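Remarks on the structure that follows.
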Amino acid sequence: MTTIETTRPQPASAVPEPILSVENLVQEFVTRGPGGVKAGVVHAVSDVSFDLFPGETLGIVGETGSGKSTLARAIIGVDRPKSGVVRFLGRDLMGLSKRDLKRARKDIQMVYQDPFGSLNPRWRVEDVVAEPLLGHTTMGRHERRERVRELLDLVGLNPDTYARRRPMELSGGQAQRVAIARAIALNPALVICDEAISSLDVLIQAQVLNLFEKLRSELGLSYVFIAHDLATVKQISDRVAVMHLGQLAEIGPAEEIYRAPRHPYTKALLDSIPGLDPETGIAKRPVPLTGEPPSPLNPPSGCRFRTRCPRAQELCAEVEPRLVEHEPGHFASCHFPLEDPATFSVDSLRGSIRSTGSAAPVVAPDEDAPGPAGVDIDADEPSPEAPDVPVAPDPPLLLGQTGEVRRGTDLL
């Protein structure tokens with residue numbers, strides 16, 4: 001697996017050229033009211049810029065409606081953005097004609113959230129996978145058939161069993177594998193995964209994630225991996241970009257983002273991850289944000305997160321923040337970033353639980369010592385200021401990816 005080092009600066013000669021460069025991308029949609037009258041403008045993506053390097057996986061996370069899928073569609077050219085630059089393999093995709101853009105898509109493919117919605121239900125699997133080969137190659141029938149069998153085998157599907165089936169005869173995981181096989185049929189340099197595993201159950205998600213990693217290692221693919229599952233994004237990504245209301249709130253190495261977030265919105269997302277204390281089994285309660293998410297039809301002035309940010313000040317309403325580098329490769333767009341962010345770890349979780357939810361020790365009083373007036377002290381009774389905490393059962397045993405047996409709480 002090829003991994004790009006992003007946590008320390010490199011000599012100019014060692015820095016590879018980005019495979020994808022997005023500069024100041026803007027995507028807006030006009031809404032219409034009765035009679036076709038213009039009702040407003042949806043600011044879906046606003047001034048987004050980032051680079052993606054060969055062999056790298058960039059995870060993109062954010063709330064529903066933050067512009068993740070719109071950004072992906074704008075990059076690939078399904079919906080032409082209003083302004084900005086999308087440079088892929090040295091070519092500006094924004095300036096290409098429809099015919100040239102179709103040719104450029106040979107090297108940039110997309111895997112969608114719903115596999116059944118992206119596969120023709122009337123076609124057989126072998127025809128679905130062979131479709132890109134018909135449009136972009138001059139292969140003969142026999143060559144296409146062999147290539148399809150090779151691709152199905154590569155994604156873990158037996159060609160003799162699945163090639164003649166139709167999508168509706170497949171499970172969700174099998175259908176997604178067919179979609180992946182079609183996406184890599186032309187040996188693309190970049191695959192954009194738009195919520196590619198969110199509709200699958202947990203076991204199938206793990207299998208598909210392992211497949212993505214296998215293909216990246218064997219084929220040298222680069223990924224833009226869009227998901228709302230923060231734990232999944234951390235597992236598969238080299239870098240993570242956090243989007244909020246069409247803008248980049250933070251971008252940097254995955255380990256750095258999760259260990260020490262600089263933007264309050266990123267920390268709020270991490271605080272929403274459920275967890276358990278390994279010793280007591282007490283659940284970690286998510287910390288909710290106050291206020292309602294603003295509308296992309298009328299985003300707030302200045303910082304778009306200021307209406308829900310606990311650190312907001314007058315400056316946040318007057319000046320829109322820009323991405324500032326706090327650590328090598330770690331950028332955040334906040335006027336008042338988290339200088340000493342809390343580390344999201346099991347240790348910090350244990351500390352917070354012990355300080356708020358643990359029962360105070362009961363100490364037997366001296367029989368000769370008088371208690372408070374009117375109160376009988378009984379050593380067998382718990383302190384009234386520290387209620388009993390129910391003893392949680394042992395967490396279930398889980399089978400790790402390497403085959404070892406682990407407690408469920410070990411996955412935190």
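Note on naming: chains are A, B, ... as they come in the structure tokens, residues start from 1 per chain, ligands start from 1 in the order shown.
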So that I can check the secondary structure, give me every residue of segment 168-353 of chain A assigned alpha helix (DSSP H) by backbone DSSP, as a ChimeraX atom specification.
/A:172-183,202-219,230-236,254-259,264-271,314-318,346-353
Excluding Ser217 of chain A and its own-chain neighbours fewer than 2 positions away, which residues fall within 12 Å of it when counting only C-alpha atoms? Please give them as JSON, numbers by chain.
{"A": [1, 2, 3, 54, 55, 56, 57, 210, 211, 212, 213, 214, 215, 219, 220, 221, 222, 223]}
DSSP-assigned strand (DSSP E) among segment 24-209 of chain A, expressed as a PyMOL selection string:
chain A and resi 24-32+38-52+57-61+83-88+91-92+108-111+190-194
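With only C-alpha atoms as the atoms that count, the residue of A:Ile251, A:Ala332, A:Ile226, A:Ala206 with the shortest distance to Glu63 of chain A is A:Ile226.
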Using only C-alpha atoms, can you tell me which of A:Gly95, A:Pro288, A:Gly302, A:Gly90 comes closest to Gly77 of chain A?
A:Gly95
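One finds atom CA of Thr31 of chain A at 25.3 Å from atom CA of Arg306 of chain A.
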Would you mind listing what lies within 10 Å of Ala317 of chain A as an mmCIF file with N, CA, C and O atoms, in the first residue's frame, with only C-alpha atoms counted and same-chain residues fewer than 6 positions away left out?
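Contents of part.cif, freshly written:
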data_model
loop_
_atom_site.group_PDB
_atom_site.id
_atom_site.type_symbol
_atom_site.label_atom_id
_atom_site.label_comp_id
_atom_site.auth_asym_id
_atom_site.auth_seq_id
_atom_site.Cartn_x
_atom_site.Cartn_y
_atom_site.Cartn_z
ATOM 1 N N PRO A 300 -25.127 31.996 7.428
ATOM 2 C CA PRO A 300 -24.747 33.141 8.260
ATOM 3 C C PRO A 300 -23.554 33.888 7.682
ATOM 4 O O PRO A 300 -22.737 33.324 6.939
ATOM 5 N N SER A 301 -23.447 35.141 8.033
ATOM 6 C CA SER A 301 -22.282 35.921 7.609
ATOM 7 C C SER A 301 -21.060 35.462 8.386
ATOM 8 O O SER A 301 -21.157 34.878 9.467
ATOM 9 N N GLY A 302 -19.881 35.736 7.822
ATOM 10 C CA GLY A 302 -18.653 35.349 8.506
ATOM 11 C C GLY A 302 -18.507 33.849 8.559
ATOM 12 O O GLY A 302 -18.644 33.156 7.550
ATOM 13 N N CYS A 303 -18.251 33.340 9.745
ATOM 14 C CA CYS A 303 -18.112 31.895 9.936
ATOM 15 C C CYS A 303 -19.499 31.254 9.937
ATOM 16 O O CYS A 303 -20.380 31.657 10.695
ATOM 17 N N ARG A 304 -19.689 30.242 9.123
ATOM 18 C CA ARG A 304 -21.001 29.613 9.011
ATOM 19 C C ARG A 304 -21.324 28.723 10.209
ATOM 20 O O ARG A 304 -22.469 28.300 10.353
ATOM 21 N N PHE A 305 -20.341 28.453 11.039
ATOM 22 C CA PHE A 305 -20.578 27.622 12.214
ATOM 23 C C PHE A 305 -20.824 28.458 13.471
ATOM 24 O O PHE A 305 -21.151 27.906 14.523
ATOM 25 N N ARG A 306 -20.742 29.771 13.359
ATOM 26 C CA ARG A 306 -20.758 30.624 14.553
ATOM 27 C C ARG A 306 -22.084 30.555 15.305
ATOM 28 O O ARG A 306 -22.117 30.763 16.519
ATOM 29 N N THR A 307 -23.200 30.257 14.640
ATOM 30 C CA THR A 307 -24.492 30.221 15.320
ATOM 31 C C THR A 307 -24.605 29.042 16.284
ATOM 32 O O THR A 307 -25.482 29.033 17.150
#
Residue neighbourhood segment 145-147 of chain A, 9 Å, only C-alpha atoms, exclusion window fewer than 6 positions, as a PyMOL selection string
chain A and resi 126+130+133+185
Export N, CA and C atoms of the chosen residues as a compact mmCIF listing (two decimals), in the first residue's frame?
# COMPACT_ATOMS: atom_id res chain seq x y z
N GLU A 126 -22.38 -9.73 -16.15
CA GLU A 126 -21.28 -9.65 -17.12
C GLU A 126 -21.46 -8.48 -18.08
N ALA A 130 -18.98 -5.15 -18.29
CA ALA A 130 -18.37 -4.95 -19.62
C ALA A 130 -18.73 -3.62 -20.25
N LEU A 133 -15.92 -1.21 -20.98
CA LEU A 133 -15.01 -1.75 -21.99
C LEU A 133 -15.56 -1.52 -23.39
N ALA A 185 -12.77 -1.33 -14.10
CA ALA A 185 -12.60 -2.08 -15.34
C ALA A 185 -11.57 -1.44 -16.27
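Closest approach to Val240 of chain A from the set A:Val202, A:Leu289, A:Leu134, A:Ala227 is made by A:Ala227, with distances taken over only C-alpha atoms.
Restricting the calculation to only C-alpha atoms, the smallest distance between Ile273 of chain A and any of A:Pro286, A:Gly67, A:Gly329, A:Pro18 is found for A:Pro286.
Here the question is which of A:Leu270, A:Val125, A:Ala179, A:Val191 gets nearest to Asp160 of chain A using only C-alpha atoms, and that residue is A:Val125.
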Smallest atom-to-atom distance to Ser97 of chain A: which of A:Ser69, A:Leu157, A:Arg80, A:His142, using only C-alpha atoms?
A:Arg80
